[in-house]
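Colleague: Mind having a look at this structure? Questions to follow.
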Number of protein chains: 2
Amino acid sequence: MFGAGWSARGRWLLPLSRRLLQPLQPPGGAGGGRCLPSREDATEASSSSLADLGLQPRQDKYGGLSLHLSQLRSPESLDEATFRLWLQDSVKQWKAEGHIAVWLHVPILQSRFIAVAAEQGFDFHHAESNSAALTLWLAGGHNRLPVYATHQLGVAGAVLDIHTGKVLVIQERNKTTNAWKFPGGLSEPGEDIGNTAVREVFEETGIKSEFKALLSIRQQHRHPGAFGKSDLYIICRLEPSSFSINFCQQECLRCEWMDLTELAKTKEATPITSNVAKLLLYGYREGFDKIDITMREFPAVYTGLFYKLYHRQLPENYRNTINLP
Amino acid sequence: MFGAGWSARGRWLLPLSRRLLQPLQPPGGAGGGRCLPSREDATEASSSSLADLGLQPRQDKYGGLSLHLSQLRSPESLDEATFRLWLQDSVKQWKAEGHIAVWLHVPILQSRFIAVAAEQGFDFHHAESNSAALTLWLAGGHNRLPVYATHQLGVAGAVLDIHTGKVLVIQERNKTTNAWKFPGGLSEPGEDIGNTAVREVFEETGIKSEFKALLSIRQQHRHPGAFGKSDLYIICRLEPSSFSINFCQQECLRCEWMDLTELAKTKEATPITSNVAKLLLYGYREGFDKIDITMREFPAVYTGLFYKLYHRQLPENYRNTINLP
């Protein structure tokens, strides 16, 4: 399935049998699988107790195992010492069996098991809301597990009134220097680029607008406002459908419709605003087809979802296979 | 400072005094701040012990407080019960003082305190490697804290040999259908878009190439390959500097130089590959200036970093303020 399996993920695949999402026999239980000799201090009870409590390691198609501690039927009856012994033995066995990685999913209220797993070499892959995912890389070489989300996405709107040649700009509160910029903000989870721009413009300035095209994409790393992750910042071209400013006093110091030529020339704008103002001026004077990165919508391969694809305008005669010139 | 403070972050700002990163007096300690009456079961010792152990809540400029449990000088001497009482009292006091949120940073080996914090309403904001960050929203209304990274970034390279009109394509292993696509993969932390494309193309196909421009950007949400987060997928135009294929057998089933017109016409390509092949064909026949989203590099406002800005080509006479037509 396209898009669902990146090569960074594909790369940790091993030619294991495809017992996809089948429960494994936990160590100490009856049945198949190579068994390591029991440690003296690891009682049979400690090893089998996790299966008794409902914990069923499951194998994924990439050669990894997943454990969900949310499966534990009565987690309060499992103490850290028992879990430690079980995990020590299990990790040895999983490694011997050729599994390449273990994913351990821990509900926040069972977090006492996280430190125990960390003693065995697990670390955080990600955590959100009321659950954490830890991983342990078992195969040789460097950890090839796919990384978690690496980017935050900020989107701003360059709202140009084509009848007056004025563009909507703000100055943020609580900045050391007051520079003009386009209104914008962080994309919310699941929100499309254009929707973020329209929402942020409205929240900050009270202006209603419509998405027309992308204008620019910026990438920055180790971003101080992104918890050290990377930042993608996209500026969209929007057309206003209302004109009376009612700006957010908490966020903005000033907000106005400024002549686009003035914005392109002033030194009192952030560098990226200044650059995109020049681009927008070029489009305003010589046609937006010179600057737009346009949007098309397609059904995704996995059911029920659509996605938006942004690229330069493609002439009609190039769009269909049959008509290709 | 531009870029470091998004509006989604700015929006949770309260007009508190700007004691930026100044230690606060912890509850129970001597000195200023309103103090709530002690609970009977919260001993003076339990309240003051965390300051004694080195824990110093610090205030950020947005009205939030940060606690770093890594500051604890001897964390083994702090038990969960003591931490629970201290946190209960502290949360009440912080709320009464008008703080809007608390950030609790927990080293993985101190994870026993996470469940205690969760009992008080904290949940995971993010976690990575050996540290977790939990948050508690204290102000009224919905939680307005900035979200963590929301997107993974995949990048593919459309490597076109302009002398032959052939483009480099692969079929991935372990797919239910064998469709042609451009080689690519997930961006590594801190890696620029073009570098991801060049690296992935080389790793998958053995072909060396040079970044020329962005061609397309796709956004998908709740992506099955992204742990439920969003996915941005960018296809770059690359020019080859080597031509002899030596493809990765683990990742690829097939790899070849395919006639671009054939790729644009075949049904045996993923939909996005097919679309971008048509775009690339248009550029190949009528000029890459018709399809390229070009790259420029600028110094970032915060010291020592550079960023890349991608947009449509801007004519020279529009680039400088003085020469603006």
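By convention in this document, the chains of the structure tokens carry letters A, B, ... by their order, each chain's residues are numbered from 1, and ligands are numbered from 1 in the order they are shown.
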I'd like the contact shell of Gly190 of chain B - 9 Å cut-off, only C-alpha atoms, skipping same-chain residues fewer than 3 positions apart - returned as a PDB file with C-alpha atoms, in the first residue's frame.
Modeller:
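Below is the file out_33.pdb, written as the result:
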```pdb
ATOM      1  CA  THR A 150       9.918  15.157  13.278  1.00  0.00           C
ATOM      2  CA  GLN A 220      14.299  24.985   9.919  1.00  0.00           C
ATOM      3  CA  HIS A 221      15.869  22.493  12.296  1.00  0.00           C
ATOM      4  CA  ARG A 222      16.405  22.376  16.055  1.00  0.00           C
ATOM      5  CA  LYS A 229      12.259  19.386  16.518  1.00  0.00           C
ATOM      6  CA  SER A 230      12.138  20.770  12.974  1.00  0.00           C
TER       7      SER A 230
ATOM      8  CA  SER B 187      13.613  12.437   6.567  1.00  0.00           C
TER       9      SER B 187
END
```
Colleague: What's the 8 Å shell around segment 197-199 of chain A, counting only C-alpha atoms, without same-chain residues fewer than 6 positions away, as a PyMOL selection string?
Modeller: chain A and resi 155-157+184-185+208-211+235-236+238
Colleague: For those residues, write N, CA, C and O atoms to a file as a PDB file, in the first residue's frame.
Modeller:
```
ATOM      1  N   VAL A 155       1.648  27.704   9.532  1.00  0.00           N
ATOM      2  CA  VAL A 155       1.094  28.192   8.267  1.00  0.00           C
ATOM      3  C   VAL A 155       0.646  29.644   8.442  1.00  0.00           C
ATOM      4  O   VAL A 155       0.001  29.978   9.443  1.00  0.00           O
ATOM      5  N   ALA A 156       1.006  30.481   7.499  1.00  0.00           N
ATOM      6  CA  ALA A 156       0.574  31.879   7.530  1.00  0.00           C
ATOM      7  C   ALA A 156      -0.206  32.195   6.264  1.00  0.00           C
ATOM      8  O   ALA A 156      -0.089  31.500   5.252  1.00  0.00           O
ATOM      9  N   GLY A 157      -1.007  33.242   6.333  1.00  0.00           N
ATOM     10  CA  GLY A 157      -1.811  33.644   5.182  1.00  0.00           C
ATOM     11  C   GLY A 157      -1.426  35.033   4.709  1.00  0.00           C
ATOM     12  O   GLY A 157      -1.445  35.986   5.491  1.00  0.00           O
ATOM     13  N   GLY A 184      -0.596  34.067  11.195  1.00  0.00           N
ATOM     14  CA  GLY A 184      -0.474  32.612  11.028  1.00  0.00           C
ATOM     15  C   GLY A 184      -0.212  31.938  12.348  1.00  0.00           C
ATOM     16  O   GLY A 184      -0.110  32.593  13.384  1.00  0.00           O
ATOM     17  N   GLY A 185      -0.097  30.627  12.315  1.00  0.00           N
ATOM     18  CA  GLY A 185       0.159  29.882  13.543  1.00  0.00           C
ATOM     19  C   GLY A 185       0.322  28.407  13.269  1.00  0.00           C
ATOM     20  O   GLY A 185       0.367  27.977  12.109  1.00  0.00           O
ATOM     21  N   LYS A 208     -12.170  37.231   7.195  1.00  0.00           N
ATOM     22  CA  LYS A 208     -12.506  35.960   6.549  1.00  0.00           C
ATOM     23  C   LYS A 208     -11.817  35.898   5.191  1.00  0.00           C
ATOM     24  O   LYS A 208     -11.716  36.914   4.495  1.00  0.00           O
ATOM     25  N   SER A 209     -11.388  34.708   4.817  1.00  0.00           N
ATOM     26  CA  SER A 209     -10.627  34.600   3.569  1.00  0.00           C
ATOM     27  C   SER A 209     -10.767  33.214   2.972  1.00  0.00           C
ATOM     28  O   SER A 209     -11.284  32.292   3.605  1.00  0.00           O
ATOM     29  N   GLU A 210     -10.273  33.103   1.755  1.00  0.00           N
ATOM     30  CA  GLU A 210     -10.365  31.841   1.022  1.00  0.00           C
ATOM     31  C   GLU A 210      -8.981  31.450   0.520  1.00  0.00           C
ATOM     32  O   GLU A 210      -8.229  32.295   0.023  1.00  0.00           O
ATOM     33  N   PHE A 211      -8.673  30.159   0.637  1.00  0.00           N
ATOM     34  CA  PHE A 211      -7.375  29.649   0.190  1.00  0.00           C
ATOM     35  C   PHE A 211      -7.271  29.686  -1.332  1.00  0.00           C
ATOM     36  O   PHE A 211      -8.189  29.265  -2.032  1.00  0.00           O
ATOM     37  N   ILE A 235       3.669  29.646   3.672  1.00  0.00           N
ATOM     38  CA  ILE A 235       2.843  30.842   3.486  1.00  0.00           C
ATOM     39  C   ILE A 235       1.901  30.602   2.307  1.00  0.00           C
ATOM     40  O   ILE A 235       2.326  30.152   1.241  1.00  0.00           O
ATOM     41  N   CYS A 236       0.614  30.854   2.554  1.00  0.00           N
ATOM     42  CA  CYS A 236      -0.414  30.648   1.532  1.00  0.00           C
ATOM     43  C   CYS A 236      -0.896  31.989   0.995  1.00  0.00           C
ATOM     44  O   CYS A 236      -0.914  32.986   1.714  1.00  0.00           O
ATOM     45  N   LEU A 238      -4.091  33.985   0.113  1.00  0.00           N
ATOM     46  CA  LEU A 238      -5.514  33.952   0.425  1.00  0.00           C
ATOM     47  C   LEU A 238      -6.186  35.176  -0.183  1.00  0.00           C
ATOM     48  O   LEU A 238      -5.556  36.220  -0.349  1.00  0.00           O
TER      49      LEU A 238
END
```
Colleague: Please extract the residues of segment 96-316 of chain B with a backbone DSSP assignment of alpha helix (DSSP H) and present them as a ChimeraX atom specification.
Modeller: /B:96,112-119,193-205,260-265,271-286,316
Colleague: Filtering to N, CA and C atoms, could you give me those residues as a short mmCIF file (atom, residue, chain, number, x, y, z; two decimals), in the first residue's frame?
Modeller:
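Saved to again_36.cif:
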```cif
data_model
loop_
_atom_site.label_atom_id
_atom_site.label_comp_id
_atom_site.auth_asym_id
_atom_site.auth_seq_id
_atom_site.Cartn_x
_atom_site.Cartn_y
_atom_site.Cartn_z
N ALA B 96 -3.74 28.84 42.39
CA ALA B 96 -4.14 30.04 43.13
C ALA B 96 -3.28 31.23 42.73
N ARG B 112 8.67 6.36 37.91
CA ARG B 112 7.68 6.04 38.93
C ARG B 112 6.87 7.27 39.33
N PHE B 113 7.41 8.47 39.07
CA PHE B 113 6.67 9.69 39.42
C PHE B 113 5.62 10.07 38.37
N ILE B 114 5.69 9.43 37.19
CA ILE B 114 4.75 9.78 36.12
C ILE B 114 3.32 9.42 36.50
N ALA B 115 3.13 8.19 37.01
CA ALA B 115 1.77 7.78 37.38
C ALA B 115 1.23 8.66 38.50
N VAL B 116 2.11 9.06 39.42
CA VAL B 116 1.69 9.96 40.50
C VAL B 116 1.18 11.28 39.92
N ALA B 117 1.93 11.81 38.94
CA ALA B 117 1.51 13.06 38.31
C ALA B 117 0.21 12.86 37.53
N ALA B 118 0.07 11.70 36.90
CA ALA B 118 -1.16 11.42 36.14
C ALA B 118 -2.38 11.43 37.06
N GLU B 119 -2.20 10.94 38.30
CA GLU B 119 -3.31 10.99 39.27
C GLU B 119 -3.77 12.42 39.51
N ILE B 193 15.40 18.81 3.17
CA ILE B 193 14.56 18.09 2.21
C ILE B 193 15.38 17.49 1.07
N GLY B 194 16.18 18.32 0.42
CA GLY B 194 16.95 17.86 -0.73
C GLY B 194 17.96 16.78 -0.36
N ASN B 195 18.52 16.90 0.84
CA ASN B 195 19.50 15.91 1.29
C ASN B 195 18.84 14.55 1.53
N THR B 196 17.61 14.57 2.03
CA THR B 196 16.89 13.31 2.21
C THR B 196 16.68 12.63 0.86
N ALA B 197 16.26 13.41 -0.13
CA ALA B 197 16.01 12.84 -1.45
C ALA B 197 17.28 12.20 -2.01
N VAL B 198 18.38 12.96 -1.96
CA VAL B 198 19.65 12.47 -2.53
C VAL B 198 20.13 11.22 -1.77
N ARG B 199 20.03 11.25 -0.44
CA ARG B 199 20.47 10.11 0.38
C ARG B 199 19.63 8.87 0.09
N GLU B 200 18.31 9.04 0.08
CA GLU B 200 17.43 7.89 -0.12
C GLU B 200 17.61 7.29 -1.52
N VAL B 201 17.74 8.16 -2.52
CA VAL B 201 17.96 7.66 -3.88
C VAL B 201 19.23 6.82 -3.92
N PHE B 202 20.28 7.32 -3.28
CA PHE B 202 21.54 6.58 -3.30
C PHE B 202 21.42 5.26 -2.54
N GLU B 203 20.80 5.30 -1.36
CA GLU B 203 20.69 4.08 -0.55
C GLU B 203 19.85 3.01 -1.24
N GLU B 204 18.82 3.44 -1.94
CA GLU B 204 17.92 2.46 -2.55
C GLU B 204 18.37 1.99 -3.92
N THR B 205 19.06 2.87 -4.67
CA THR B 205 19.34 2.54 -6.08
C THR B 205 20.82 2.56 -6.43
N LEU B 260 10.35 8.37 -19.52
CA LEU B 260 9.44 9.23 -18.76
C LEU B 260 8.03 9.21 -19.33
N THR B 261 7.93 9.18 -20.66
CA THR B 261 6.60 9.12 -21.28
C THR B 261 5.88 7.83 -20.89
N GLU B 262 6.63 6.74 -20.85
CA GLU B 262 6.04 5.46 -20.45
C GLU B 262 5.55 5.53 -19.01
N LEU B 263 6.35 6.12 -18.12
CA LEU B 263 5.94 6.23 -16.71
C LEU B 263 4.68 7.09 -16.58
N ALA B 264 4.62 8.15 -17.40
CA ALA B 264 3.45 9.04 -17.34
C ALA B 264 2.19 8.33 -17.83
N LYS B 265 2.36 7.29 -18.65
CA LYS B 265 1.21 6.61 -19.25
C LYS B 265 0.82 5.31 -18.55
N PRO B 271 -0.62 6.40 -7.94
CA PRO B 271 -1.28 7.60 -8.50
C PRO B 271 -0.42 8.85 -8.41
N ILE B 272 0.27 9.05 -7.29
CA ILE B 272 1.05 10.28 -7.17
C ILE B 272 2.26 10.23 -8.10
N THR B 273 2.84 9.07 -8.29
CA THR B 273 3.96 8.93 -9.22
C THR B 273 3.51 9.28 -10.62
N SER B 274 2.33 8.77 -10.97
CA SER B 274 1.77 9.03 -12.29
C SER B 274 1.55 10.53 -12.51
N ASN B 275 0.99 11.20 -11.50
CA ASN B 275 0.76 12.63 -11.62
C ASN B 275 2.06 13.42 -11.74
N VAL B 276 3.02 13.08 -10.91
CA VAL B 276 4.27 13.84 -10.95
C VAL B 276 5.07 13.50 -12.21
N ALA B 277 4.91 12.29 -12.72
CA ALA B 277 5.56 11.95 -14.00
C ALA B 277 5.02 12.84 -15.12
N LYS B 278 3.71 13.10 -15.11
CA LYS B 278 3.13 13.99 -16.13
C LYS B 278 3.67 15.41 -15.98
N LEU B 279 3.78 15.84 -14.73
CA LEU B 279 4.33 17.17 -14.46
C LEU B 279 5.78 17.25 -14.95
N LEU B 280 6.53 16.21 -14.67
CA LEU B 280 7.95 16.19 -15.06
C LEU B 280 8.09 16.14 -16.59
N LEU B 281 7.18 15.43 -17.23
CA LEU B 281 7.19 15.36 -18.69
C LEU B 281 6.93 16.74 -19.29
N TYR B 282 5.98 17.44 -18.69
CA TYR B 282 5.68 18.81 -19.11
C TYR B 282 6.93 19.69 -18.98
N GLY B 283 7.62 19.57 -17.86
CA GLY B 283 8.84 20.35 -17.65
C GLY B 283 9.96 19.94 -18.60
N TYR B 284 10.07 18.66 -18.84
CA TYR B 284 11.12 18.14 -19.72
C TYR B 284 10.94 18.65 -21.14
N ARG B 285 9.67 18.73 -21.56
CA ARG B 285 9.40 19.16 -22.94
C ARG B 285 9.36 20.67 -23.09
N GLU B 286 8.87 21.36 -22.04
CA GLU B 286 8.63 22.79 -22.24
C GLU B 286 9.47 23.68 -21.32
N GLU B 316 15.13 38.64 -10.93
CA GLU B 316 16.16 39.43 -10.24
C GLU B 316 15.66 40.83 -9.88
#
```
Colleague: For chain B, which of A:Leu145, A:Ala133, A:Ala127, A:Cys255 is the closest residue, counting only C-alpha atoms?
Modeller: A:Ala127
Colleague: Report as a tab-separated table (two decimals) with C-alpha atoms, in the first residue's frame all protein, DNA and RNA residues lying within 12 Å of Gly141 of chain A, evaluated on only C-alpha atoms, omitting residues in the same chain fewer than 3 positions from it.
Modeller:
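Everything below was put into out12.tsv:
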```tsv
chain	number	residue	atom	x	y	z
A	12	TRP	CA	14.28	-2.91	9.23
A	100	ILE	CA	14.79	-7.37	15.79
A	137	TRP	CA	16.47	-2.54	19.35
A	138	LEU	CA	17.60	-6.19	19.46
A	144	ARG	CA	16.63	1.22	12.26
A	145	LEU	CA	13.16	1.69	13.73
```
Colleague: Could you tell me how far atom CA of Ala149 of chain A sits from atom CA of Val301 of chain B, in Å to one decimal place?
Modeller: 24.6 Å
Colleague: To one decimal place in Å, what is the distance between atom CA of Gln93 of chain B and atom CA of Asn130 of chain B?
Modeller: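 Straight-line distance from atom CA of Gln93 of chain B to atom CA of Asn130 of chain B works out to 29.6 Å.
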Colleague: Identify which of the residues B:Leu50, B:Ile291, B:Met258, B:Cys252 lies closest to chain A, counting only C-alpha atoms when measuring atom-to-atom distances.
Modeller: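 Of B:Leu50, B:Ile291, B:Met258, B:Cys252, the one nearest chain A, counting only C-alpha atoms, is B:Ile291.
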Colleague: Counting only C-alpha atoms, figure out which residue out of B:Leu67, B:Ala158, B:Ile170, B:Ala81 gets nearest to Ala132 of chain B.
Modeller: B:Leu67
Colleague: Among segment 89-297 of chain A, which ones does DSSP assign to strand (DSSP E or B) (computed from the backbone)? Answer as an mmCIF file with C-alpha atoms, in the first residue's frame.
Modeller:
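Wrote it out as states_38.cif, contents follow:
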```
data_model
loop_
_atom_site.group_PDB
_atom_site.id
_atom_site.type_symbol
_atom_site.label_atom_id
_atom_site.label_comp_id
_atom_site.auth_asym_id
_atom_site.auth_seq_id
_atom_site.Cartn_x
_atom_site.Cartn_y
_atom_site.Cartn_z
ATOM 1 C CA ALA A 101 12.936 -4.992 18.094
ATOM 2 C CA VAL A 102 10.379 -4.753 20.880
ATOM 3 C CA TRP A 103 7.671 -2.112 21.227
ATOM 4 C CA LEU A 104 6.344 -1.674 24.750
ATOM 5 C CA HIS A 105 3.147 0.353 25.079
ATOM 6 C CA VAL A 106 2.522 1.613 28.606
ATOM 7 C CA PRO A 107 -0.652 3.324 29.887
ATOM 8 C CA ASP A 123 13.872 4.041 25.809
ATOM 9 C CA PHE A 124 11.036 6.339 24.823
ATOM 10 C CA HIS A 125 9.981 6.246 21.185
ATOM 11 C CA HIS A 126 7.093 8.637 21.785
ATOM 12 C CA ALA A 127 4.348 9.452 24.255
ATOM 13 C CA GLU A 128 1.133 11.369 23.970
ATOM 14 C CA SER A 129 -1.867 11.939 26.170
ATOM 15 C CA SER A 131 0.170 6.406 26.739
ATOM 16 C CA ALA A 132 3.892 5.954 26.121
ATOM 17 C CA ALA A 133 5.646 3.757 23.563
ATOM 18 C CA LEU A 134 9.106 2.442 24.406
ATOM 19 C CA THR A 135 11.393 0.520 22.104
ATOM 20 C CA LEU A 136 14.343 -1.802 22.411
ATOM 21 C CA TRP A 137 16.467 -2.544 19.349
ATOM 22 C CA HIS A 151 8.228 18.394 12.207
ATOM 23 C CA GLN A 152 5.783 20.927 13.461
ATOM 24 C CA LEU A 153 3.925 22.815 10.766
ATOM 25 C CA GLY A 154 3.269 26.543 10.888
ATOM 26 C CA VAL A 155 1.094 28.192 8.267
ATOM 27 C CA ALA A 156 0.574 31.879 7.530
ATOM 28 C CA GLY A 157 -1.811 33.644 5.182
ATOM 29 C CA ALA A 158 -0.845 36.440 2.797
ATOM 30 C CA VAL A 159 -4.309 37.958 2.326
ATOM 31 C CA LEU A 160 -4.233 40.321 -0.655
ATOM 32 C CA ASP A 161 -7.135 42.577 -1.573
ATOM 33 C CA LYS A 166 -3.302 46.069 0.105
ATOM 34 C CA VAL A 167 -2.205 43.062 2.121
ATOM 35 C CA LEU A 168 -3.104 42.098 5.690
ATOM 36 C CA VAL A 169 -0.201 42.314 8.148
ATOM 37 C CA ILE A 170 0.257 42.170 11.899
ATOM 38 C CA GLN A 171 2.867 42.920 14.505
ATOM 39 C CA GLU A 172 2.997 40.388 17.300
ATOM 40 C CA TRP A 180 5.387 43.292 10.198
ATOM 41 C CA LYS A 181 4.477 39.744 9.272
ATOM 42 C CA GLY A 184 -0.474 32.612 11.028
ATOM 43 C CA GLY A 185 0.159 29.882 13.543
ATOM 44 C CA LEU A 186 0.666 26.219 14.214
ATOM 45 C CA SER A 209 -10.627 34.600 3.569
ATOM 46 C CA GLU A 210 -10.365 31.841 1.022
ATOM 47 C CA PHE A 211 -7.375 29.649 0.190
ATOM 48 C CA LYS A 212 -5.919 30.169 -3.297
ATOM 49 C CA ALA A 213 -2.435 28.597 -3.413
ATOM 50 C CA LEU A 214 0.805 27.924 -1.576
ATOM 51 C CA LEU A 215 3.488 30.570 -2.048
ATOM 52 C CA SER A 216 6.499 29.350 -0.082
ATOM 53 C CA ILE A 217 7.856 26.588 2.153
ATOM 54 C CA ARG A 218 10.606 27.072 4.722
ATOM 55 C CA GLN A 219 12.367 24.363 6.699
ATOM 56 C CA GLN A 220 14.299 24.985 9.919
ATOM 57 C CA SER A 230 12.138 20.770 12.974
ATOM 58 C CA ASP A 231 9.746 23.406 11.742
ATOM 59 C CA LEU A 232 8.056 23.707 8.380
ATOM 60 C CA TYR A 233 6.534 27.101 7.706
ATOM 61 C CA ILE A 234 4.244 27.534 4.727
ATOM 62 C CA ILE A 235 2.843 30.842 3.486
ATOM 63 C CA CYS A 236 -0.414 30.648 1.532
ATOM 64 C CA ARG A 237 -2.007 33.164 -0.803
ATOM 65 C CA LEU A 238 -5.514 33.952 0.425
ATOM 66 C CA GLU A 239 -8.248 36.198 -0.934
ATOM 67 C CA PRO A 240 -10.293 38.165 1.586
ATOM 68 C CA CYS A 252 -1.275 41.296 18.093
ATOM 69 C CA LEU A 253 0.097 44.728 18.819
ATOM 70 C CA ARG A 254 -0.993 46.116 15.448
ATOM 71 C CA CYS A 255 -2.917 44.862 12.455
ATOM 72 C CA GLU A 256 -3.581 46.714 9.212
ATOM 73 C CA TRP A 257 -4.118 46.579 5.484
ATOM 74 C CA MET A 258 -0.765 47.728 4.097
ATOM 75 C CA ASP A 259 0.072 48.653 0.539
ATOM 76 C CA ALA A 269 9.194 43.387 8.186
ATOM 77 C CA ILE A 293 1.750 26.462 -6.183
ATOM 78 C CA THR A 294 -1.736 25.143 -6.820
ATOM 79 C CA MET A 295 -3.750 22.459 -5.059
ATOM 80 C CA ARG A 296 -5.488 19.320 -6.338
ATOM 81 C CA GLU A 297 -7.383 16.732 -4.296
#
```
Colleague: Using only C-alpha atoms, which of B:Leu55, B:Leu109, B:Leu305, B:Ala179 sits nearest Gln71 of chain B?
Modeller: B:Leu55
Colleague: Between atom CA of Asp292 of chain B and atom CA of Arg312 of chain A, what distance in Å does the model show, to one decimal?
Modeller: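 Atom-to-atom, atom CA of Asp292 of chain B and atom CA of Arg312 of chain A are spaced 7.4 Å apart.
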Colleague: Of the candidates B:Tyr62, B:Tyr310, B:Phe182, B:Phe298, which shows the shortest atom-to-atom distance to chain A, using only C-alpha atoms?
Modeller: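 Closest residue, counting only C-alpha atoms: B:Tyr310.
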Colleague: Find, counting only C-alpha atoms, the residue in A:Ile162, A:Ile207, A:Ile245, A:Ala300 that gets nearest to chain B.
Modeller: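 Under the stated criterion, the closest residue is A:Ala300.
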